[in-house]
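Source file protein32.txt; content: compact mmCIF, C-alpha atoms and all ligand atoms.
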# COMPACT_ATOMS: atom_id res chain seq x y z
CA MET A 168 15.19 -25.10 16.34
CA ASP A 169 12.06 -24.16 18.28
CA ARG A 170 9.50 -23.75 15.48
CA ASN A 171 7.75 -21.03 17.47
CA LYS A 172 10.85 -19.00 18.32
CA ARG A 173 12.87 -19.06 15.13
CA PHE A 174 14.27 -15.54 15.68
CA GLN A 175 14.98 -15.63 19.42
CA GLY A 176 17.64 -13.05 20.32
CA GLN A 177 17.95 -11.73 16.75
CA VAL A 178 17.75 -8.13 15.62
CA ALA A 179 15.46 -7.65 12.63
CA LEU A 180 14.98 -4.52 10.56
CA VAL A 181 11.85 -4.16 8.43
CA THR A 182 11.37 -1.16 6.14
CA GLY A 183 7.90 0.31 5.59
CA ALA A 184 6.69 -1.75 8.55
CA ALA A 185 4.01 0.53 10.00
CA LEU A 186 1.24 -0.82 7.78
CA GLY A 187 0.36 -3.58 5.36
CA ILE A 188 2.69 -6.45 4.53
CA GLY A 189 5.63 -4.94 6.44
CA ASN A 190 3.52 -4.67 9.57
CA ALA A 191 2.52 -8.35 9.36
CA ILE A 192 6.20 -9.27 8.89
CA ALA A 193 7.20 -7.17 11.93
CA HIS A 194 4.54 -8.87 14.09
CA GLY A 195 5.56 -12.32 12.88
CA LEU A 196 9.26 -11.75 13.61
CA ALA A 197 8.51 -10.28 17.05
CA GLU A 198 6.15 -13.14 17.96
CA GLU A 199 9.04 -15.51 17.29
CA GLY A 200 11.51 -13.69 19.51
CA ALA A 201 13.18 -11.02 17.37
CA ARG A 202 13.81 -7.47 18.50
CA VAL A 203 12.15 -5.69 15.59
CA LEU A 204 12.99 -2.25 14.26
CA ILE A 205 10.02 -0.77 12.49
CA LEU A 206 11.32 1.71 9.95
CA ASP A 207 8.70 3.95 8.41
CA ILE A 208 8.19 7.45 7.05
CA SER A 209 5.06 7.92 9.19
CA VAL A 210 5.76 8.89 12.80
CA GLU A 211 2.26 8.10 14.09
CA ASP A 212 1.78 4.83 12.21
CA GLY A 213 5.31 3.65 13.05
CA GLU A 214 4.90 4.35 16.77
CA GLU A 215 1.44 2.81 16.80
CA ALA A 216 2.83 -0.31 15.09
CA ALA A 217 5.68 -0.63 17.62
CA ARG A 218 3.23 -0.14 20.50
CA ALA A 219 1.00 -2.90 19.14
CA VAL A 220 3.95 -5.32 19.02
CA VAL A 221 4.99 -4.43 22.58
CA ASP A 222 1.38 -4.71 23.81
CA GLY A 223 1.37 -8.20 22.34
CA GLY A 224 4.42 -9.16 24.41
CA GLY A 225 7.05 -8.62 21.69
CA GLN A 226 10.04 -6.30 21.43
CA ALA A 227 9.93 -3.47 18.90
CA ALA A 228 11.02 0.12 18.36
CA ALA A 229 9.87 2.60 15.74
CA ILE A 230 12.40 4.57 13.71
CA THR A 231 11.06 7.38 11.57
CA MET A 232 12.96 7.79 8.33
CA ASP A 233 12.55 8.15 4.58
CA ALA A 234 13.83 5.03 2.82
CA THR A 235 14.40 7.01 -0.40
CA ASP A 236 16.91 9.35 1.25
CA PRO A 237 20.46 7.92 0.94
CA GLN A 238 21.79 9.85 3.94
CA GLN A 239 18.92 8.78 6.18
CA VAL A 240 19.47 5.14 5.18
CA ARG A 241 23.19 5.31 6.11
CA GLU A 242 22.54 7.18 9.36
CA THR A 243 19.69 4.90 10.43
CA VAL A 244 21.73 1.74 9.89
CA GLY A 245 24.68 3.32 11.77
CA GLU A 246 22.45 4.22 14.70
CA ILE A 247 20.96 0.72 14.84
CA ILE A 248 24.43 -0.85 14.89
CA ASP A 249 25.52 1.60 17.63
CA GLU A 250 22.52 0.69 19.77
CA TYR A 251 21.90 -3.00 19.03
CA GLY A 252 25.36 -4.12 17.87
CA ARG A 253 24.11 -6.24 14.96
CA ILE A 254 21.44 -6.78 12.33
CA ASP A 255 20.55 -10.43 11.72
CA VAL A 256 17.54 -10.02 9.45
CA LEU A 257 16.91 -7.29 6.89
CA VAL A 258 13.53 -7.19 5.18
CA ASN A 259 13.40 -4.66 2.37
CA ASN A 260 9.66 -4.26 2.23
CA VAL A 261 9.17 -0.57 1.45
CA GLY A 262 7.63 0.04 -1.95
CA GLY A 263 4.53 1.07 -3.77
CA ASN A 264 2.84 1.51 -7.10
CA GLN A 265 0.97 4.27 -8.88
CA PRO A 266 -0.63 2.55 -11.87
CA THR A 267 -0.41 4.88 -14.86
CA PRO A 268 -0.45 4.12 -18.61
CA PHE A 269 3.17 4.22 -19.73
CA LEU A 270 2.73 7.05 -22.23
CA GLU A 271 1.04 9.19 -19.57
CA SER A 272 3.88 8.65 -17.11
CA ASP A 273 6.79 11.06 -16.88
CA GLU A 274 10.37 11.24 -15.59
CA ALA A 275 9.22 12.37 -12.15
CA LEU A 276 7.01 9.29 -11.69
CA TRP A 277 9.72 6.97 -13.09
CA ARG A 278 12.23 8.33 -10.59
CA GLN A 279 9.75 8.17 -7.72
CA LEU A 280 8.87 4.51 -8.34
CA LEU A 281 12.47 3.46 -8.97
CA GLU A 282 13.63 5.24 -5.81
CA LEU A 283 10.90 3.76 -3.60
CA ASN A 284 11.02 0.19 -4.89
CA LEU A 285 14.55 -0.42 -6.18
CA MET A 286 17.01 2.20 -4.94
CA SER A 287 15.81 1.93 -1.33
CA THR A 288 16.46 -1.83 -1.43
CA LEU A 289 19.86 -1.30 -3.05
CA ARG A 290 20.85 1.29 -0.45
CA PHE A 291 19.73 -0.75 2.56
CA CYS A 292 21.64 -3.76 1.24
CA HIS A 293 24.72 -1.60 0.70
CA ALA A 294 24.51 -0.15 4.22
CA VAL A 295 23.65 -3.37 6.11
CA LEU A 296 25.71 -6.04 4.33
CA PRO A 297 29.12 -4.86 5.65
CA HIS A 298 27.81 -5.47 9.18
CA MET A 299 26.43 -8.89 8.22
CA ILE A 300 29.81 -9.75 6.69
CA ALA A 301 31.57 -8.66 9.90
CA GLN A 302 29.31 -10.93 11.97
CA GLN A 303 29.41 -13.69 9.28
CA TYR A 304 25.66 -14.07 9.49
CA GLY A 305 22.75 -12.47 7.74
CA ARG A 306 19.36 -13.14 6.20
CA VAL A 307 18.01 -10.66 3.67
CA VAL A 308 14.51 -10.92 2.25
CA ASN A 309 13.50 -8.44 -0.42
CA ILE A 310 9.86 -7.82 -1.27
CA ALA A 311 9.51 -7.67 -5.04
CA SER A 312 6.17 -8.38 -6.76
CA ILE A 313 4.73 -10.66 -9.39
CA ALA A 314 4.71 -7.41 -11.41
CA GLY A 315 8.47 -7.97 -11.63
CA ILE A 316 7.96 -11.19 -13.56
CA HIS A 317 4.50 -10.92 -15.21
CA PRO A 318 3.17 -7.82 -16.95
CA TRP A 319 0.89 -5.97 -14.55
CA PRO A 320 -1.68 -3.51 -15.99
CA GLY A 321 -0.51 0.12 -16.06
CA SER A 322 2.67 -0.73 -14.20
CA VAL A 323 5.61 -0.63 -16.59
CA ILE A 324 7.93 1.27 -14.25
CA TYR A 325 6.81 -0.60 -11.13
CA GLY A 326 7.49 -3.83 -13.03
CA VAL A 327 10.92 -2.61 -14.09
CA ALA A 328 11.74 -1.66 -10.49
CA LYS A 329 10.55 -5.01 -9.08
CA ALA A 330 12.39 -6.95 -11.81
CA GLY A 331 15.44 -5.00 -10.64
CA VAL A 332 14.79 -6.20 -7.08
CA VAL A 333 14.64 -9.82 -8.34
CA SER A 334 17.91 -9.39 -10.21
CA LEU A 335 19.56 -7.63 -7.27
CA THR A 336 18.50 -10.52 -5.03
CA ARG A 337 20.05 -13.17 -7.28
CA SER A 338 23.31 -11.28 -7.82
CA LEU A 339 23.75 -10.41 -4.15
CA ALA A 340 22.92 -13.98 -3.13
CA ALA A 341 25.83 -15.22 -5.23
CA ASP A 342 28.19 -12.54 -3.88
CA MET A 343 27.28 -13.00 -0.22
CA ALA A 344 26.90 -16.77 0.15
CA SER A 345 30.48 -17.32 1.31
CA HIS A 346 29.81 -15.02 4.31
CA ASN A 347 26.90 -17.12 5.60
CA ILE A 348 24.51 -14.49 4.28
CA ARG A 349 21.47 -15.70 2.37
CA VAL A 350 19.58 -13.26 0.15
CA ASN A 351 16.15 -14.23 -1.20
CA CYS A 352 13.03 -12.45 -2.32
CA ILE A 353 9.27 -12.81 -2.34
CA CYS A 354 7.04 -11.88 -5.24
CA PRO A 355 3.62 -11.28 -3.68
CA GLY A 356 0.48 -11.21 -5.74
CA PRO A 357 -2.39 -8.79 -5.00
CA THR A 358 -2.60 -8.37 -1.23
CA GLU A 359 -5.16 -6.67 1.00
CA THR A 360 -3.35 -3.55 2.27
CA THR A 361 -3.76 0.22 2.34
CA LEU A 362 -2.40 0.26 -1.21
CA SER A 363 -5.16 -2.05 -2.46
CA LYS A 364 -7.81 -0.16 -0.45
CA LEU A 365 -6.67 3.12 -2.01
CA LEU A 366 -6.62 1.65 -5.50
CA ARG A 367 -10.12 0.21 -4.94
CA GLN A 368 -11.36 3.76 -4.29
CA THR A 369 -9.39 5.56 -6.98
CA GLN A 370 -9.20 2.92 -9.72
CA PRO A 371 -12.00 0.33 -9.14
CA GLU A 372 -11.87 -1.06 -12.69
CA TYR A 373 -8.14 -1.64 -12.36
CA VAL A 374 -8.57 -3.51 -9.08
CA LYS A 375 -11.42 -5.61 -10.52
CA ALA A 376 -9.25 -6.62 -13.46
CA ILE A 377 -6.39 -7.63 -11.15
CA HIS A 378 -8.65 -9.68 -8.85
CA GLY A 379 -10.05 -11.53 -11.84
CA MET A 380 -6.59 -12.83 -12.57
CA VAL A 381 -6.03 -14.50 -9.17
CA THR A 382 -6.93 -18.19 -9.50
CA LEU A 383 -7.76 -18.52 -5.79
CA GLY A 384 -10.32 -15.73 -6.36
CA ARG A 385 -9.26 -13.44 -3.53
CA LEU A 386 -6.47 -11.16 -2.38
CA ALA A 387 -3.76 -12.41 -0.05
CA ASP A 388 -3.90 -11.57 3.61
CA PRO A 389 -0.63 -9.78 4.57
CA GLN A 390 0.04 -12.62 7.04
CA GLU A 391 0.18 -15.07 4.14
CA ILE A 392 3.04 -13.04 2.65
CA ALA A 393 4.68 -12.66 6.07
CA ALA A 394 4.67 -16.46 6.57
CA ALA A 395 6.79 -16.86 3.44
CA VAL A 396 9.16 -14.08 4.54
CA LEU A 397 9.64 -15.75 7.93
CA PHE A 398 10.43 -19.03 6.20
CA LEU A 399 13.13 -17.39 4.05
CA ALA A 400 14.56 -15.48 7.03
CA SER A 401 14.71 -18.61 9.21
CA GLU A 402 16.89 -21.72 9.24
CA GLU A 403 14.01 -23.73 7.81
CA SER A 404 15.15 -22.41 4.43
CA SER A 405 18.85 -23.11 5.03
CA PHE A 406 19.38 -24.46 1.48
CA VAL A 407 17.38 -21.74 -0.29
CA LEU A 408 19.51 -19.06 -1.92
CA GLY A 409 18.81 -16.35 -4.49
CA GLU A 410 15.25 -17.63 -4.75
CA CYS A 411 12.34 -15.58 -5.95
CA MET A 412 9.38 -17.15 -4.15
CA VAL A 413 6.07 -16.38 -5.80
CA VAL A 414 3.16 -16.08 -3.34
CA ASP A 415 0.29 -15.04 -5.57
CA GLY A 416 -2.72 -17.39 -5.28
CA GLY A 417 -2.09 -18.50 -8.85
CA TYR A 418 -2.01 -15.09 -10.55
CA ASN A 419 -2.33 -15.31 -14.33
CA MET A 420 -2.40 -19.13 -14.21
CA VAL A 421 -5.44 -19.71 -16.37
N1 LIG B 1 -0.29 -4.80 -1.67
C1 LIG B 1 -0.06 -5.53 -2.76
O1 LIG B 1 -0.98 -5.95 -3.45
C2 LIG B 1 1.36 -5.86 -3.15
C3 LIG B 1 1.59 -6.80 -4.17
C4 LIG B 1 2.87 -7.12 -4.54
C5 LIG B 1 3.93 -6.51 -3.91
N2 LIG B 1 3.71 -5.59 -2.93
C6 LIG B 1 4.87 -4.97 -2.31
O2 LIG B 1 4.84 -5.22 -0.92
C7 LIG B 1 5.47 -4.12 -0.22
C8 LIG B 1 4.53 -3.58 0.84
O3 LIG B 1 3.35 -3.14 0.19
P1 LIG B 1 2.02 -2.78 1.01
O4 LIG B 1 0.89 -3.01 0.09
O5 LIG B 1 2.03 -3.46 2.32
O6 LIG B 1 2.19 -1.20 1.20
P2 LIG B 1 1.40 -0.18 2.16
O7 LIG B 1 1.18 1.04 1.33
O8 LIG B 1 0.23 -0.82 2.81
O9 LIG B 1 2.48 0.14 3.29
C9 LIG B 1 3.68 0.74 2.94
C10 LIG B 1 4.36 1.26 4.19
O10 LIG B 1 5.58 1.88 3.76
C11 LIG B 1 5.67 3.19 4.35
N3 LIG B 1 6.45 4.05 3.46
C12 LIG B 1 6.05 4.56 2.28
N4 LIG B 1 7.03 5.31 1.75
C13 LIG B 1 8.08 5.24 2.60
C14 LIG B 1 9.39 5.80 2.61
N5 LIG B 1 9.80 6.58 1.61
N6 LIG B 1 10.21 5.53 3.64
C15 LIG B 1 9.79 4.74 4.68
N7 LIG B 1 8.56 4.19 4.73
C16 LIG B 1 7.71 4.44 3.71
C17 LIG B 1 4.25 3.63 4.53
O11 LIG B 1 4.12 4.66 5.51
C18 LIG B 1 3.55 2.33 4.93
O12 LIG B 1 3.62 2.10 6.31
C19 LIG B 1 5.84 -3.11 -1.30
O13 LIG B 1 7.17 -3.31 -1.69
C20 LIG B 1 4.91 -3.46 -2.44
O14 LIG B 1 5.42 -3.05 -3.69
C21 LIG B 1 2.45 -5.25 -2.53
Let me see the file written as structure tokens.
Ligand SMILES: NC(=O)c1ccc[n+]([C@@H]2O[C@H](COP(=O)([O-])OP(=O)(O)OC[C@H]3O[C@@H](n4cnc5c(N)ncnc54)[C@H](O)[C@@H]3O)[C@@H](O)[C@H]2O)c1
Amino acid sequence: MDRNKRFQGQVALVTGAALGIGNAIAHGLAEEGARVLILDISVEDGEEAARAVVDGGGQAAAITMDATDPQQVRETVGEIIDEYGRIDVLVNNVGGNQPTPFLESDEALWRQLLELNLMSTLRFCHAVLPHMIAQQYGRVVNIASIAGIHPWPGSVIYGVAKAGVVSLTRSLAADMASHNIRVNCICPGPTETTLSKLLRQTQPEYVKAIHGMVTLGRLADPQEIAAAVLFLASEESSFVLGECMVVDGGYNMV
């Protein structure tokens, strides 16, 4: 295996890849030879992200879609298979949080966070896995969060959704292993993205409290999360299955 071209000739789909962690993952996969499909709800950001990959010498295309819409998920996956013939790597990255004290949250917010973080991952797995089974090859990496395993301030529903992603990962890994499909997930800690920038403006005390809990004393760079995703999507991790890899700078360690 050429360490610098681990995804040569592969087709990789990354959800929510226009910005943040997903964008770093898309760049990393493209730099190592994958044709990357950047799925995002934002037309401008998605196209800009694909252009940046192509300008850097990689192969990428933007697909505008809403990952919380079941029909759009099915149609998008169908169109990708029609055009590219296969999907080797699926990274379920789309997600987000809206920290709110539990008793101030309502059904609408619960549904929104469960749809964005858990149901989108479930639906993409359901739509893509039959194609991975047909080709007897697939690598799925789901982006959960340390909030799925440690309590995270004001984030009961987000934590529930991400714990669901961890559980989904383990169960699917067991179901899919015999088809040469490995399913794993990453639990990132606080990472410098648009989400953290927004929270810094709207909820500075919340962000300060979170930062104080990271033993390394800083937020992750999205590329540090992407490096772990690339490891799990590559053959370097050939004996890693159903793993929930924590990449959090020692969150809540001391
Ligand atoms: N940033 C952190 O501190 C952190 C920590 C742990 C886990 N995570 C997880 O990492 C993942 C990426 O987070 P991020 O901070 O990079 O987010 P971000 O907000 O920076 O980027 C999210 C991307 O998803 C897109 N998107 C949003 N809703 C969408 C939808 N319905 N359909 C398609 N695309 C949509 C946005 O346009 C954007 O490009 C999420 O699952 C998040 O929960 C983030």
Item to check | Expected answer as an NGL selection string: residues within 8 Å of ligand LIG 1 (chain B), only C-alpha atoms and all ligand atoms | outcome: :A and (182-190 or 206-209 or 212-213 or 231-236 or 259-264 or 283-284 or 310-314 or 325 or 329 or 354-363 or 386-387 or 389)
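Rounded to one decimal, CA of Val220 (chain A) and CA of Gln177 (chain A) lie 15.6 Å from each other.
The shell of residues at most 9 Å from Ile192 (chain A), with only C-alpha atoms counted and near chain neighbours (fewer than 4 positions) removed, consists of Val181, Ala184, Gly187, Ile188, Leu196, Ala197, Val258, Pro389, Gln390, Ile392, Ala393, Ala394, Val396 and Leu397 of chain A.
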Checklist entry - Pick the closest to Pro297 (chain A) from A:Gly379, A:Lys364, A:Glu214, A:Asp255: which is it, counting all atoms listed in the file? => result A:Asp255
Item to check | Selected residue, from A:Ala191, A:Pro320, A:Gly417, A:Leu280, that lies nearest to Lys375 (chain A) when counting all atoms listed in the file | outcome: A:Pro320
Checklist entry - For the atom pair CA of Phe174 (chain A) and CA of Asp415 (chain A), what is the interatomic distance in Å to one decimal place? => result 25.4 Å
Next on the checklist: With only C-alpha atoms as the counted atoms, please give the residues lying no more than 8 Å from Arg173 (chain A), apart from itself and same-chain residues fewer than 5 positions off, as a PyMOL selection string.
Outcome noted: chain A and resi 168+199-200+401-402
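Using all atoms listed in the file for every distance, the candidate list A:Val256, A:Ala294, A:Ala217, A:Ala340 yields A:Ala294 as the residue closest to Gln239 (chain A).
Distance-wise, CA of Arg306 (chain A) and CA of Ile348 (chain A) end up 5.7 Å apart.
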Next on the checklist: Counting only C-alpha atoms, which residues sit no farther than 7 Å from the position (10.5, -7.7, -13.0) in the file's frame? I'd like them as a list of chain:residue names.
Outcome noted: A:Ala314, A:Gly315, A:Ile316, A:Gly326, A:Val327, A:Ala328, A:Lys329, A:Ala330, A:Gly331, A:Val333
Save the residues we just selected, C-alpha atoms, as a PDB file, keeping the file's coordinate frame?
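Wrote it out as again_11.pdb, contents follow:
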ATOM      1  CA  ALA A 314       4.710  -7.410 -11.410  1.00  0.00           C
ATOM      2  CA  GLY A 315       8.470  -7.970 -11.630  1.00  0.00           C
ATOM      3  CA  ILE A 316       7.960 -11.190 -13.560  1.00  0.00           C
ATOM      4  CA  GLY A 326       7.490  -3.830 -13.030  1.00  0.00           C
ATOM      5  CA  VAL A 327      10.920  -2.610 -14.090  1.00  0.00           C
ATOM      6  CA  ALA A 328      11.740  -1.660 -10.490  1.00  0.00           C
ATOM      7  CA  LYS A 329      10.550  -5.010  -9.080  1.00  0.00           C
ATOM      8  CA  ALA A 330      12.390  -6.950 -11.810  1.00  0.00           C
ATOM      9  CA  GLY A 331      15.440  -5.000 -10.640  1.00  0.00           C
ATOM     10  CA  VAL A 333      14.640  -9.820  -8.340  1.00  0.00           C
TER      11      VAL A 333
END
Could I get the residues of region 214-312 of chain A with an atom no further than 8 Å from an atom of region 201-205 of chain A, each paired with its nearest atom pair and that distance in Å to one decimal, using all atoms listed in the file, sorted by chain and residue number, as a tab-separated table?
residue	atom	partner	partner_atom	distance
A:Ala216	CA	A:Ile205	CA	7.7
A:Ala217	CA	A:Ile205	CA	6.7
A:Gly225	CA	A:Arg202	CA	7.6
A:Gln226	CA	A:Arg202	CA	4.9
A:Ala227	CA	A:Val203	CA	4.6
A:Ala228	CA	A:Leu204	CA	5.1
A:Ala229	CA	A:Ile205	CA	4.7
A:Ile230	CA	A:Ile205	CA	6.0
Item to check | Contacts of Gln303 (chain A) at 9 Å (all atoms listed in the file; same-chain gap of 2+ positions) as a VMD selection string | outcome: chain A and resid 298 to 301 305 345 to 348
